[in-house]
>>> print(open('work.cif').read())   # mmCIF, C-alpha atoms and all ligand atoms
data_data
#
loop_
_atom_site.label_atom_id
_atom_site.label_comp_id
_atom_site.auth_asym_id
_atom_site.auth_seq_id
_atom_site.Cartn_x
_atom_site.Cartn_y
_atom_site.Cartn_z
CA MET A 1 0.00 0.00 0.00
CA LYS A 2 1.26 3.51 -0.81
CA PRO A 3 1.47 6.25 1.81
CA SER A 4 -1.41 8.72 1.58
CA PHE A 5 0.47 11.50 3.35
CA ILE A 6 4.21 12.05 3.85
CA MET A 7 5.71 14.55 6.23
CA LEU A 8 9.29 15.64 6.65
CA ALA A 9 10.31 15.08 10.28
CA PRO A 10 11.60 17.98 12.35
CA MET A 11 15.34 17.56 12.99
CA GLU A 12 17.01 20.22 15.08
CA GLY A 13 20.42 21.22 13.71
CA ILE A 14 19.81 19.37 10.42
CA ILE A 15 16.52 20.17 8.74
CA ASP A 16 16.51 23.95 8.71
CA HIS A 17 14.61 26.07 6.21
CA THR A 18 17.24 25.55 3.49
CA MET A 19 16.81 21.77 3.79
CA ARG A 20 13.02 22.11 3.99
CA ASP A 21 13.09 24.18 0.79
CA MET A 22 15.30 21.70 -1.01
CA PHE A 23 13.62 18.47 0.08
CA SER A 24 10.12 19.79 -0.53
CA ALA A 25 11.19 21.02 -3.99
CA ILE A 26 12.47 17.53 -4.84
CA GLY A 27 8.96 16.34 -4.09
CA GLY A 28 6.70 13.76 -2.50
CA LEU A 29 6.24 15.71 0.74
CA ASP A 30 2.89 17.01 1.95
CA ARG A 31 4.10 19.01 4.90
CA CYS A 32 7.16 20.12 6.85
CA VAL A 33 7.58 21.32 10.42
CA THR A 34 10.23 23.56 11.94
CA GLU A 35 12.94 22.44 14.32
CA PHE A 36 11.66 22.85 17.86
CA ILE A 37 11.40 26.39 19.21
CA ARG A 38 12.03 26.30 22.95
CA VAL A 39 9.55 28.14 25.17
CA THR A 40 10.49 28.69 28.80
CA SER A 41 8.93 31.53 30.76
CA GLN A 42 8.01 34.27 28.34
CA CYS A 43 6.39 35.13 25.07
CA LEU A 44 9.19 35.03 22.53
CA PRO A 45 9.92 38.03 20.31
CA GLU A 46 8.92 37.84 16.65
CA ARG A 47 12.55 37.77 15.56
CA VAL A 48 13.06 34.41 17.31
CA PHE A 49 10.15 32.91 15.41
CA LYS A 50 11.35 34.39 12.13
CA ARG A 51 14.83 32.98 12.68
CA GLY A 52 13.70 29.37 13.16
CA PHE A 53 10.69 29.70 10.90
CA PRO A 54 11.48 32.12 8.04
CA GLU A 55 8.63 30.60 6.03
CA ILE A 56 6.20 32.41 8.35
CA GLN A 57 6.94 35.50 6.28
CA SER A 58 5.84 33.77 3.09
CA GLY A 59 2.50 32.24 3.96
CA SER A 60 3.90 29.45 6.16
CA LYS A 61 5.05 27.67 3.01
CA THR A 62 8.37 26.63 1.52
CA SER A 63 9.37 28.18 -1.79
CA ASN A 64 7.58 25.39 -3.67
CA ASN A 65 4.39 25.92 -1.64
CA THR A 66 4.65 23.04 0.82
CA VAL A 67 2.98 23.88 4.11
CA VAL A 68 5.18 24.31 7.18
CA TYR A 69 3.96 24.08 10.78
CA ALA A 70 5.80 25.62 13.71
CA GLN A 71 6.95 23.29 16.46
CA LEU A 72 7.00 24.47 20.09
CA LEU A 73 8.63 22.75 23.02
CA GLY A 74 7.84 23.66 26.62
CA ASP A 75 5.92 22.58 29.68
CA LYS A 76 3.90 25.60 30.86
CA PRO A 77 0.38 25.51 29.41
CA GLU A 78 -0.29 29.25 29.62
CA ILE A 79 3.08 30.35 28.21
CA MET A 80 2.93 27.72 25.47
CA ALA A 81 -0.52 28.98 24.55
CA GLN A 82 0.60 32.61 24.40
CA ASN A 83 3.46 31.71 22.08
CA ALA A 84 1.24 29.55 19.92
CA TYR A 85 -1.27 32.40 19.67
CA LYS A 86 1.48 34.79 18.62
CA LEU A 87 2.66 32.37 15.95
CA ALA A 88 -0.90 31.99 14.72
CA ARG A 89 -1.27 35.77 14.47
CA MET A 90 2.00 35.97 12.56
CA GLY A 91 0.62 33.50 10.02
CA ALA A 92 1.64 29.97 11.08
CA ALA A 93 -0.43 27.37 9.22
CA GLY A 94 -0.34 25.00 12.20
CA ILE A 95 1.21 24.49 15.61
CA ASP A 96 2.91 21.25 16.55
CA ILE A 97 3.95 20.47 20.11
CA ASN A 98 7.05 18.42 20.81
CA PHE A 99 6.75 15.73 23.48
CA GLY A 100 9.53 13.58 22.11
CA CYS A 101 12.80 15.42 22.60
CA PRO A 102 15.17 13.24 24.65
CA ALA A 103 17.83 15.94 25.29
CA LYS A 104 18.81 16.16 28.96
CA CYS A 105 19.03 19.96 28.93
CA VAL A 106 15.41 20.08 27.74
CA ASN A 107 14.04 17.27 29.93
CA ASN A 108 15.68 18.72 33.06
CA HIS A 109 13.52 21.80 32.59
CA GLY A 110 10.33 19.81 32.22
CA GLY A 111 10.01 19.92 28.41
CA GLY A 112 10.11 17.31 25.65
CA SER A 113 9.82 13.59 26.33
CA ILE A 114 9.73 13.90 30.14
CA LEU A 115 6.13 15.06 29.76
CA LEU A 116 5.26 11.56 28.52
CA LYS A 117 5.39 10.49 32.17
CA ASP A 118 2.43 12.73 32.89
CA PRO A 119 -0.49 12.46 30.42
CA GLU A 120 -2.53 14.95 32.48
CA GLN A 121 0.08 17.67 32.08
CA LEU A 122 0.28 16.84 28.41
CA PHE A 123 -3.49 17.27 28.24
CA ARG A 124 -3.27 20.66 29.98
CA ILE A 125 -0.65 21.95 27.53
CA ILE A 126 -2.53 20.93 24.39
CA HIS A 127 -5.87 22.04 25.80
CA SER A 128 -4.51 25.46 26.68
CA VAL A 129 -2.84 25.88 23.27
CA ARG A 130 -6.02 24.72 21.52
CA GLN A 131 -8.10 27.27 23.41
CA TYR A 132 -5.86 30.19 22.44
CA VAL A 133 -5.21 29.30 18.81
CA PRO A 134 -8.00 30.13 16.31
CA ILE A 135 -9.95 26.98 15.52
CA HIS A 136 -9.07 26.94 11.80
CA ILE A 137 -5.39 26.50 12.68
CA PRO A 138 -4.53 22.86 13.50
CA VAL A 139 -2.75 21.97 16.73
CA SER A 140 -0.87 18.67 16.56
CA ALA A 141 1.43 16.70 18.85
CA LYS A 142 4.59 14.69 18.30
CA ILE A 143 5.31 11.97 20.82
CA ARG A 144 7.36 8.89 21.55
CA LEU A 145 5.76 5.72 22.93
CA GLY A 146 6.74 6.61 26.49
CA PHE A 147 9.62 7.71 28.66
CA GLU A 148 11.06 4.64 30.42
CA ASP A 149 8.62 2.09 28.99
CA LYS A 150 5.54 1.87 26.75
CA SER A 151 2.95 1.28 29.47
CA LEU A 152 1.40 4.75 29.12
CA SER A 153 1.35 4.96 25.33
CA LEU A 154 -2.42 4.59 25.01
CA ASP A 155 -3.11 6.99 27.91
CA ILE A 156 -0.86 9.54 26.26
CA ALA A 157 -2.62 9.21 22.91
CA ALA A 158 -6.06 9.39 24.55
CA ALA A 159 -5.05 12.54 26.48
CA ILE A 160 -3.84 14.19 23.28
CA GLU A 161 -7.08 13.42 21.47
CA ALA A 162 -9.24 14.54 24.42
CA ALA A 163 -7.33 17.83 24.61
CA GLY A 164 -8.42 18.68 21.07
CA ALA A 165 -5.33 17.92 18.98
CA SER A 166 -6.06 17.41 15.29
CA GLU A 167 -3.46 14.65 14.83
CA ILE A 168 -0.58 12.79 16.50
CA ALA A 169 2.79 11.90 15.05
CA VAL A 170 4.30 8.93 16.87
CA HIS A 171 7.98 8.05 16.88
CA GLY A 172 7.79 4.33 17.62
CA ARG A 173 10.23 4.20 20.52
CA THR A 174 10.51 5.34 24.13
CA LYS A 175 12.86 8.07 25.28
CA LYS A 176 14.99 5.34 26.91
CA GLU A 177 15.31 3.51 23.59
CA GLY A 178 16.80 6.64 22.05
CA TYR A 179 17.50 5.95 18.38
CA LYS A 180 18.34 2.27 18.77
CA PRO A 181 16.58 0.07 16.17
CA PRO A 182 13.98 -1.27 15.90
CA ALA A 183 11.10 1.18 15.95
CA TYR A 184 7.94 -0.48 17.30
CA TRP A 185 5.51 0.24 14.49
CA ASP A 186 3.03 -2.31 15.89
CA LYS A 187 2.74 -0.15 19.03
CA ILE A 188 1.81 2.78 16.80
CA GLY A 189 -0.85 0.43 15.39
CA GLU A 190 -2.39 0.13 18.87
CA ILE A 191 -2.67 3.92 18.99
CA SER A 192 -4.26 3.94 15.51
CA ASP A 193 -6.84 1.46 16.80
CA LEU A 194 -7.63 3.65 19.78
CA VAL A 195 -7.95 7.22 18.55
CA ASN A 196 -10.17 8.85 15.96
CA ILE A 197 -7.74 11.55 14.90
CA PRO A 198 -5.14 10.86 12.19
CA VAL A 199 -1.98 9.10 13.36
CA ILE A 200 1.32 9.69 11.58
CA ALA A 201 3.85 6.88 11.96
CA ASN A 202 7.51 7.72 12.35
CA GLY A 203 10.83 6.01 12.98
CA GLU A 204 13.45 3.92 11.22
CA MET A 205 12.12 4.05 7.66
CA TRP A 206 15.16 3.94 5.38
CA THR A 207 13.84 1.98 2.40
CA LEU A 208 10.62 1.29 0.52
CA THR A 209 10.40 -2.07 2.27
CA ASP A 210 10.57 -0.33 5.67
CA ILE A 211 7.81 2.04 4.57
CA GLN A 212 5.59 -0.85 3.45
CA ARG A 213 6.12 -2.70 6.72
CA CYS A 214 5.55 0.41 8.79
CA ILE A 215 2.26 1.17 7.01
CA LYS A 216 1.06 -2.38 7.64
CA GLU A 217 2.08 -2.60 11.27
CA SER A 218 1.19 0.93 12.32
CA LYS A 219 -2.23 0.70 10.62
CA THR A 220 -1.90 4.16 9.14
CA THR A 221 -0.96 5.30 5.65
CA ARG A 222 0.34 8.61 7.01
CA ILE A 223 4.08 8.60 7.58
CA MET A 224 6.84 10.96 8.69
CA LEU A 225 10.38 10.54 7.31
CA GLY A 226 13.46 11.91 9.04
CA ARG A 227 16.96 10.44 8.73
CA GLY A 228 15.85 8.10 5.95
CA LEU A 229 14.97 11.03 3.72
CA VAL A 230 18.13 12.95 4.58
CA ALA A 231 20.08 9.85 3.49
CA CYS A 232 17.92 9.31 0.41
CA PRO A 233 16.48 12.69 -0.68
CA ASP A 234 14.00 11.15 -3.11
CA LEU A 235 12.64 8.54 -0.67
CA ALA A 236 9.26 10.30 -0.49
CA LEU A 237 9.02 10.43 -4.29
CA LEU A 238 9.98 6.76 -4.56
CA ALA A 239 7.37 5.88 -1.93
CA ARG A 240 4.69 7.62 -4.00
CA GLY A 241 5.50 5.12 -6.71
CA ASP A 242 5.22 7.70 -9.48
CA ASP A 243 7.39 7.66 -12.56
CA HIS A 244 10.67 8.44 -10.86
CA SER A 245 14.00 6.58 -11.02
CA ALA A 246 16.22 6.65 -7.95
CA LEU A 247 18.84 9.41 -7.94
CA ASN A 248 22.37 8.36 -8.78
CA TRP A 249 25.52 9.66 -7.09
CA ALA A 250 26.21 12.18 -9.87
CA GLN A 251 22.78 13.72 -9.25
CA ILE A 252 23.45 13.80 -5.53
CA CYS A 253 26.69 15.71 -6.29
CA LEU A 254 24.66 18.24 -8.25
CA LEU A 255 22.29 18.49 -5.30
CA LEU A 256 25.24 19.01 -2.95
CA LEU A 257 26.39 21.86 -5.14
CA HIS A 258 22.90 23.35 -5.12
CA TYR A 259 22.81 23.09 -1.33
CA ARG A 260 26.23 24.70 -1.01
CA ARG A 261 25.21 27.60 -3.27
CA THR A 262 21.88 28.08 -1.45
CA LEU A 263 23.67 28.27 1.87
CA ASN A 264 25.61 31.26 0.54
CA GLY A 265 24.11 34.31 2.18
CA ARG A 266 21.73 32.25 4.29
CA CYS A 267 24.30 31.04 6.75
CA PRO A 268 27.71 32.33 7.93
CA GLU A 269 30.48 30.95 5.73
CA LYS A 270 32.22 29.31 8.69
CA TYR A 271 29.28 26.90 9.12
CA ILE A 272 28.83 25.92 5.49
CA ASN A 273 31.41 23.13 5.46
CA SER A 274 30.10 21.60 8.68
CA LEU A 275 26.58 21.52 7.29
CA ILE A 276 27.67 19.83 4.08
CA LYS A 277 29.80 17.31 6.00
CA GLN A 278 26.87 16.61 8.31
CA TRP A 279 24.65 15.84 5.32
CA LEU A 280 27.34 13.61 3.80
CA VAL A 281 27.41 11.57 7.00
CA TYR A 282 23.76 10.68 6.33
CA LEU A 283 24.25 10.20 2.58
CA ARG A 284 26.99 7.65 3.34
CA GLN A 285 24.28 5.24 4.48
CA GLN A 286 22.69 5.18 1.05
CA TYR A 287 25.56 6.04 -1.29
CA PRO A 288 28.91 4.24 -0.82
CA GLN A 289 30.56 6.98 -2.93
CA ALA A 290 29.60 9.52 -0.26
CA HIS A 291 31.90 7.70 2.11
CA LEU A 292 34.93 8.14 -0.17
CA PHE A 293 34.01 11.73 -0.92
CA PHE A 294 33.56 12.52 2.78
CA ASN A 295 37.06 11.18 3.51
CA ALA A 296 38.47 13.28 0.68
CA ILE A 297 36.95 16.56 1.91
CA LYS A 298 36.70 16.11 5.66
CA ARG A 299 39.76 18.26 6.42
CA LEU A 300 38.72 21.15 4.20
CA ARG A 301 37.93 24.30 6.14
CA CYS A 302 37.26 26.83 3.39
CA ALA A 303 33.80 26.79 1.76
CA ASP A 304 35.26 27.67 -1.67
CA ASP A 305 37.64 24.71 -1.53
CA LEU A 306 34.74 22.44 -0.70
CA GLU A 307 32.76 23.85 -3.60
CA LYS A 308 35.67 23.15 -5.98
CA SER A 309 35.83 19.57 -4.68
CA ILE A 310 32.11 19.06 -5.22
CA ILE A 311 32.39 20.35 -8.79
CA ALA A 312 35.40 18.11 -9.47
CA GLU A 313 33.50 15.09 -8.10
CA LEU A 314 30.45 16.01 -10.19
CA ARG A 315 32.57 16.24 -13.39
CA LEU A 316 34.23 12.92 -12.63
CA GLN A 317 30.95 11.17 -11.93
CA GLN A 318 29.37 12.56 -15.09
CA GLN A 319 31.93 10.65 -17.12
CA ARG A 320 30.73 7.47 -15.43
CA GLN A 321 26.97 7.94 -15.26
CA GLU A 322 24.33 10.18 -16.72
CA CYS A 323 23.52 13.18 -14.56
CA LEU A 324 19.95 14.19 -15.33
CA PRO A 325 19.66 17.73 -13.98
CA THR A 326 16.07 17.28 -12.91
CA ILE A 327 16.21 16.04 -9.36
CA GLY A 328 12.66 14.89 -8.82
CA ASN A 329 10.71 18.10 -9.36
CA LEU A 330 13.72 20.34 -8.76
CA ASP A 331 15.13 21.64 -12.01
CA LEU A 332 18.87 22.25 -11.69
CA SER A 333 19.56 22.58 -15.45
CA GLU A 334 21.16 26.02 -15.18
CA LEU A 335 23.43 25.03 -12.35
CA HIS A 336 24.30 21.84 -14.19
CA ALA A 337 25.13 23.67 -17.43
CA SER A 338 27.37 26.11 -15.56
CA THR A 339 29.57 23.27 -14.29
CA LEU A 340 30.14 21.54 -17.61
C1 LIG A 401 19.47 15.23 14.95
C2 LIG A 401 18.02 15.07 15.26
C3 LIG A 401 17.27 16.19 15.61
C4 LIG A 401 15.90 16.05 15.92
N1 LIG A 401 15.16 17.17 16.23
C5 LIG A 401 13.83 17.05 16.49
C6 LIG A 401 13.03 18.20 16.74
O1 LIG A 401 13.48 19.35 16.69
N2 LIG A 401 11.72 18.00 17.01
C7 LIG A 401 11.16 16.74 17.05
O2 LIG A 401 9.96 16.62 17.32
N3 LIG A 401 11.89 15.66 16.79
C8 LIG A 401 13.20 15.78 16.50
N4 LIG A 401 13.93 14.67 16.19
C9 LIG A 401 13.27 13.35 16.06
C10 LIG A 401 12.84 13.12 14.59
O3 LIG A 401 11.83 14.02 14.21
C11 LIG A 401 12.30 11.68 14.40
O4 LIG A 401 11.25 11.49 15.29
C12 LIG A 401 13.37 10.62 14.65
O5 LIG A 401 14.58 10.97 13.99
C13 LIG A 401 12.92 9.24 14.17
O6 LIG A 401 12.56 9.29 12.81
P1 LIG A 401 13.57 8.79 11.64
O7 LIG A 401 13.99 7.38 12.00
O8 LIG A 401 12.76 8.88 10.39
O9 LIG A 401 14.77 9.69 11.66
C14 LIG A 401 15.28 14.78 15.88
C15 LIG A 401 16.05 13.67 15.51
C16 LIG A 401 17.40 13.80 15.19
C17 LIG A 401 18.17 12.56 14.78
#
>>> encode(input="work.cif", output="structure tokens")
Amino acid sequence: MKPSFIMLAPMEGIIDHTMRDMFSAIGGLDRCVTEFIRVTSQCLPERVFKRGFPEIQSGSKTSNNTVVYAQLLGDKPEIMAQNAYKLARMGAAGIDINFGCPAKCVNNHGGGSILLKDPEQLFRIIHSVRQYVPIHIPVSAKIRLGFEDKSLSLDIAAAIEAAGASEIAVHGRTKKEGYKPPAYWDKIGEISDLVNIPVIANGEMWTLTDIQRCIKESKTTRIMLGRGLVACPDLALLARGDDHSALNWAQICLLLLHYRRTLNGRCPEKYINSLIKQWLVYLRQQYPQAHLFFNAIKRLRCADDLEKSIIAELRLQQQRQECLPTIGNLDLSELHASTL
């Protein structure tokens, strides 16, 4: 069975607005969400929202018109609601609340996955946000299956539904399980059986086979892809089963060049190389050539040197395989022609 809805997972430090723009332009994605925006004790200034969520200034959409929700993380119902309201007034298309973050610095202050221990508090947060945010703007939640164990997973899901959330995205693991495979898609299936709001299944989908199995076991055709899509940028398109052949390494090199050029002006030069290396670490899982290329460039510090290396790799690969400049729905013909 094909997925009916595919979302790009929020990934703090990795999927920023440049990545959201690029992946949504490649195609197959129905929605994105920002990295979490941390709310502690005050209503955040607009500039903080605009920094993490630049799309709010262009209709809450990426440049190819894919909807983006804002994600908030915090534990105080009233303050969370005030921030959500502000985001709604600024134009956010939806508000997502993070109850999955395992980071100690976040959990020690009562936010993220620690709230999974307390379904009533979770209820209070969503209920308060729902009451403040205009009804036409969806409020959703992203959870794990529990904190230490999965015994509360159904109580958590029921609390989220009762509080008025429009949907739940479930990462099929507890906080304690971290990112260790497997993801328990069948446990997501128990939540699908229980609630009447849409459930979005998430966790450990790297291939089409994983996606098929997840859909079957989680009993939902709505999925969220994170690391799997970063490693395989056309995974959502492939999952749609449309007329699309998997990207080859030469095309990925062209995409790397596009990413590097897009980062120009969007991010301080000193961070560009780290961001590209970080992406290559994921690409290594899908493309063996990324491993060799990573080793070749890992000591480069200057962004221009890295750009020259990407172009050299692209030219080399083009002699070995055809590099179609259309990467899914993203047309990179001009960039491609300029490197020949
Ligand atoms: C580096 C990193 C950053 C993440 N940041 C967020 C975040 O900001 N908000 C959130 O709800 N989940 C975050 N997550 C969790 C992912 O959204 C997702 O639930 C998890 O990676 C499992 O899905 P996957 O196997 O498809 O990657 C993050 C995960 C990683 C690996």
>>> residues_near_ligand(input="work.cif", ligand="ligand LIG 401 (chain A)", cutoff="8 Å", atoms="all atoms listed in the file", output="PDB file with C-alpha atoms, in the frame of the given file")
ATOM      1  CA  ALA A   9      10.310  15.080  10.280  1.00  0.00           C
ATOM      2  CA  PRO A  10      11.600  17.980  12.350  1.00  0.00           C
ATOM      3  CA  MET A  11      15.340  17.560  12.990  1.00  0.00           C
ATOM      4  CA  GLU A  12      17.010  20.220  15.080  1.00  0.00           C
ATOM      5  CA  GLY A  13      20.420  21.220  13.710  1.00  0.00           C
ATOM      6  CA  ILE A  14      19.810  19.370  10.420  1.00  0.00           C
ATOM      7  CA  ILE A  15      16.520  20.170   8.740  1.00  0.00           C
ATOM      8  CA  THR A  34      10.230  23.560  11.940  1.00  0.00           C
ATOM      9  CA  GLU A  35      12.940  22.440  14.320  1.00  0.00           C
ATOM     10  CA  PHE A  36      11.660  22.850  17.860  1.00  0.00           C
ATOM     11  CA  ILE A  37      11.400  26.390  19.210  1.00  0.00           C
ATOM     12  CA  GLN A  71       6.950  23.290  16.460  1.00  0.00           C
ATOM     13  CA  ILE A  97       3.950  20.470  20.110  1.00  0.00           C
ATOM     14  CA  ASN A  98       7.050  18.420  20.810  1.00  0.00           C
ATOM     15  CA  PHE A  99       6.750  15.730  23.480  1.00  0.00           C
ATOM     16  CA  GLY A 100       9.530  13.580  22.110  1.00  0.00           C
ATOM     17  CA  CYS A 101      12.800  15.420  22.600  1.00  0.00           C
ATOM     18  CA  LYS A 142       4.590  14.690  18.300  1.00  0.00           C
ATOM     19  CA  ILE A 143       5.310  11.970  20.820  1.00  0.00           C
ATOM     20  CA  ARG A 144       7.360   8.890  21.550  1.00  0.00           C
ATOM     21  CA  VAL A 170       4.300   8.930  16.870  1.00  0.00           C
ATOM     22  CA  HIS A 171       7.980   8.050  16.880  1.00  0.00           C
ATOM     23  CA  GLY A 172       7.790   4.330  17.620  1.00  0.00           C
ATOM     24  CA  TYR A 179      17.500   5.950  18.380  1.00  0.00           C
ATOM     25  CA  ALA A 183      11.100   1.180  15.950  1.00  0.00           C
ATOM     26  CA  ASN A 202       7.510   7.720  12.350  1.00  0.00           C
ATOM     27  CA  GLY A 203      10.830   6.010  12.980  1.00  0.00           C
ATOM     28  CA  GLU A 204      13.450   3.920  11.220  1.00  0.00           C
ATOM     29  CA  MET A 205      12.120   4.050   7.660  1.00  0.00           C
ATOM     30  CA  TRP A 206      15.160   3.940   5.380  1.00  0.00           C
ATOM     31  CA  MET A 224       6.840  10.960   8.690  1.00  0.00           C
ATOM     32  CA  LEU A 225      10.380  10.540   7.310  1.00  0.00           C
ATOM     33  CA  GLY A 226      13.460  11.910   9.040  1.00  0.00           C
ATOM     34  CA  ARG A 227      16.960  10.440   8.730  1.00  0.00           C
ATOM     35  CA  GLY A 228      15.850   8.100   5.950  1.00  0.00           C
ATOM     36  CA  LEU A 229      14.970  11.030   3.720  1.00  0.00           C
TER      37      LEU A 229
END
>>> residues_near_point(input="work.cif", point="(17.9, 13.9, 26.4)", cutoff="10 Å", atoms="only C-alpha atoms", output="list in words")
Gly100, Cys101, Pro102, Ala103, Lys104, Cys105, Val106, Asn107, Asn108, Gly112, Ser113, Ile114, Lys175, Lys176 and Gly178 of chain A
>>> write_last_selection(input="work.cif", atoms="C-alpha atoms", output="short mmCIF file (atom, residue, chain, number, x, y, z; two decimals), keeping the file's coordinate frame")
data_model
loop_
_atom_site.label_atom_id
_atom_site.label_comp_id
_atom_site.auth_asym_id
_atom_site.auth_seq_id
_atom_site.Cartn_x
_atom_site.Cartn_y
_atom_site.Cartn_z
CA GLY A 100 9.53 13.58 22.11
CA CYS A 101 12.80 15.42 22.60
CA PRO A 102 15.17 13.24 24.65
CA ALA A 103 17.83 15.94 25.29
CA LYS A 104 18.81 16.16 28.96
CA CYS A 105 19.03 19.96 28.93
CA VAL A 106 15.41 20.08 27.74
CA ASN A 107 14.04 17.27 29.93
CA ASN A 108 15.68 18.72 33.06
CA GLY A 112 10.11 17.31 25.65
CA SER A 113 9.82 13.59 26.33
CA ILE A 114 9.73 13.90 30.14
CA LYS A 175 12.86 8.07 25.28
CA LYS A 176 14.99 5.34 26.91
CA GLY A 178 16.80 6.64 22.05
#
>>> atom_distance(input="work.cif", atom1="CA of Asn273 in chain A", atom2="CA of Thr66 in chain A")
27.2 Å
>>> atom_distance(input="work.cif", atom1="CA of Pro181 in chain A", atom2="CA of Ile223 in chain A")
17.4 Å
>>> closest_atom_pairs(input="work.cif", of="range 101-212 of chain A", to="range 234-248 of chain A", cutoff="10 Å", atoms="all atoms listed in the file", output="tab-separated table")
residue	atom	partner	partner_atom	distance
A:Met205	CA	A:Leu235	CA	9.5
A:Trp206	CA	A:Leu235	CA	8.0
A:Thr207	CA	A:Leu235	CA	7.3
A:Leu208	CA	A:Ala239	CA	6.1
A:Thr209	CA	A:Ala239	CA	9.5
A:Ile211	CA	A:Ala239	CA	7.6
A:Gln212	CA	A:Ala239	CA	8.8
>>> atom_distance(input="work.cif", atom1="CA of Ser153 in chain A", atom2="CA of Gly111 in chain A")
17.6 Å
>>> residues_around(input="work.cif", residues="Leu280 in chain A", least_positions_apart="6", cutoff="8 Å", atoms="all atoms listed in the file", output="PyMOL selection string")
chain A and resi 290-291+294
>>> closest_residue(input="work.cif", among="A:Gln131, A:Gln82, A:Thr339, A:Ser192", to="Pro45 in chain A", atoms="all atoms listed in the file")
A:Gln82
>>> decode(input="work.cif", residues="range 71-105 of chain A", atoms="C-alpha atoms", output="PDB file, in the first residue's frame")
ATOM      1  CA  GLN A  71       6.955  23.294  16.461  1.00  0.00           C
ATOM      2  CA  LEU A  72       6.999  24.472  20.086  1.00  0.00           C
ATOM      3  CA  LEU A  73       8.628  22.746  23.025  1.00  0.00           C
ATOM      4  CA  GLY A  74       7.837  23.661  26.618  1.00  0.00           C
ATOM      5  CA  ASP A  75       5.920  22.576  29.683  1.00  0.00           C
ATOM      6  CA  LYS A  76       3.902  25.596  30.856  1.00  0.00           C
ATOM      7  CA  PRO A  77       0.385  25.506  29.415  1.00  0.00           C
ATOM      8  CA  GLU A  78      -0.288  29.246  29.621  1.00  0.00           C
ATOM      9  CA  ILE A  79       3.076  30.354  28.210  1.00  0.00           C
ATOM     10  CA  MET A  80       2.934  27.720  25.469  1.00  0.00           C
ATOM     11  CA  ALA A  81      -0.524  28.979  24.551  1.00  0.00           C
ATOM     12  CA  GLN A  82       0.597  32.613  24.397  1.00  0.00           C
ATOM     13  CA  ASN A  83       3.462  31.708  22.084  1.00  0.00           C
ATOM     14  CA  ALA A  84       1.238  29.547  19.916  1.00  0.00           C
ATOM     15  CA  TYR A  85      -1.265  32.397  19.673  1.00  0.00           C
ATOM     16  CA  LYS A  86       1.484  34.789  18.625  1.00  0.00           C
ATOM     17  CA  LEU A  87       2.660  32.372  15.953  1.00  0.00           C
ATOM     18  CA  ALA A  88      -0.903  31.990  14.720  1.00  0.00           C
ATOM     19  CA  ARG A  89      -1.271  35.770  14.466  1.00  0.00           C
ATOM     20  CA  MET A  90       1.997  35.968  12.561  1.00  0.00           C
ATOM     21  CA  GLY A  91       0.616  33.499  10.015  1.00  0.00           C
ATOM     22  CA  ALA A  92       1.636  29.973  11.080  1.00  0.00           C
ATOM     23  CA  ALA A  93      -0.432  27.367   9.221  1.00  0.00           C
ATOM     24  CA  GLY A  94      -0.338  24.999  12.196  1.00  0.00           C
ATOM     25  CA  ILE A  95       1.206  24.491  15.613  1.00  0.00           C
ATOM     26  CA  ASP A  96       2.915  21.254  16.546  1.00  0.00           C
ATOM     27  CA  ILE A  97       3.948  20.467  20.114  1.00  0.00           C
ATOM     28  CA  ASN A  98       7.053  18.423  20.813  1.00  0.00           C
ATOM     29  CA  PHE A  99       6.746  15.727  23.480  1.00  0.00           C
ATOM     30  CA  GLY A 100       9.533  13.576  22.106  1.00  0.00           C
ATOM     31  CA  CYS A 101      12.797  15.416  22.597  1.00  0.00           C
ATOM     32  CA  PRO A 102      15.169  13.240  24.651  1.00  0.00           C
ATOM     33  CA  ALA A 103      17.834  15.939  25.286  1.00  0.00           C
ATOM     34  CA  LYS A 104      18.812  16.160  28.959  1.00  0.00           C
ATOM     35  CA  CYS A 105      19.034  19.957  28.927  1.00  0.00           C
TER      36      CYS A 105
END
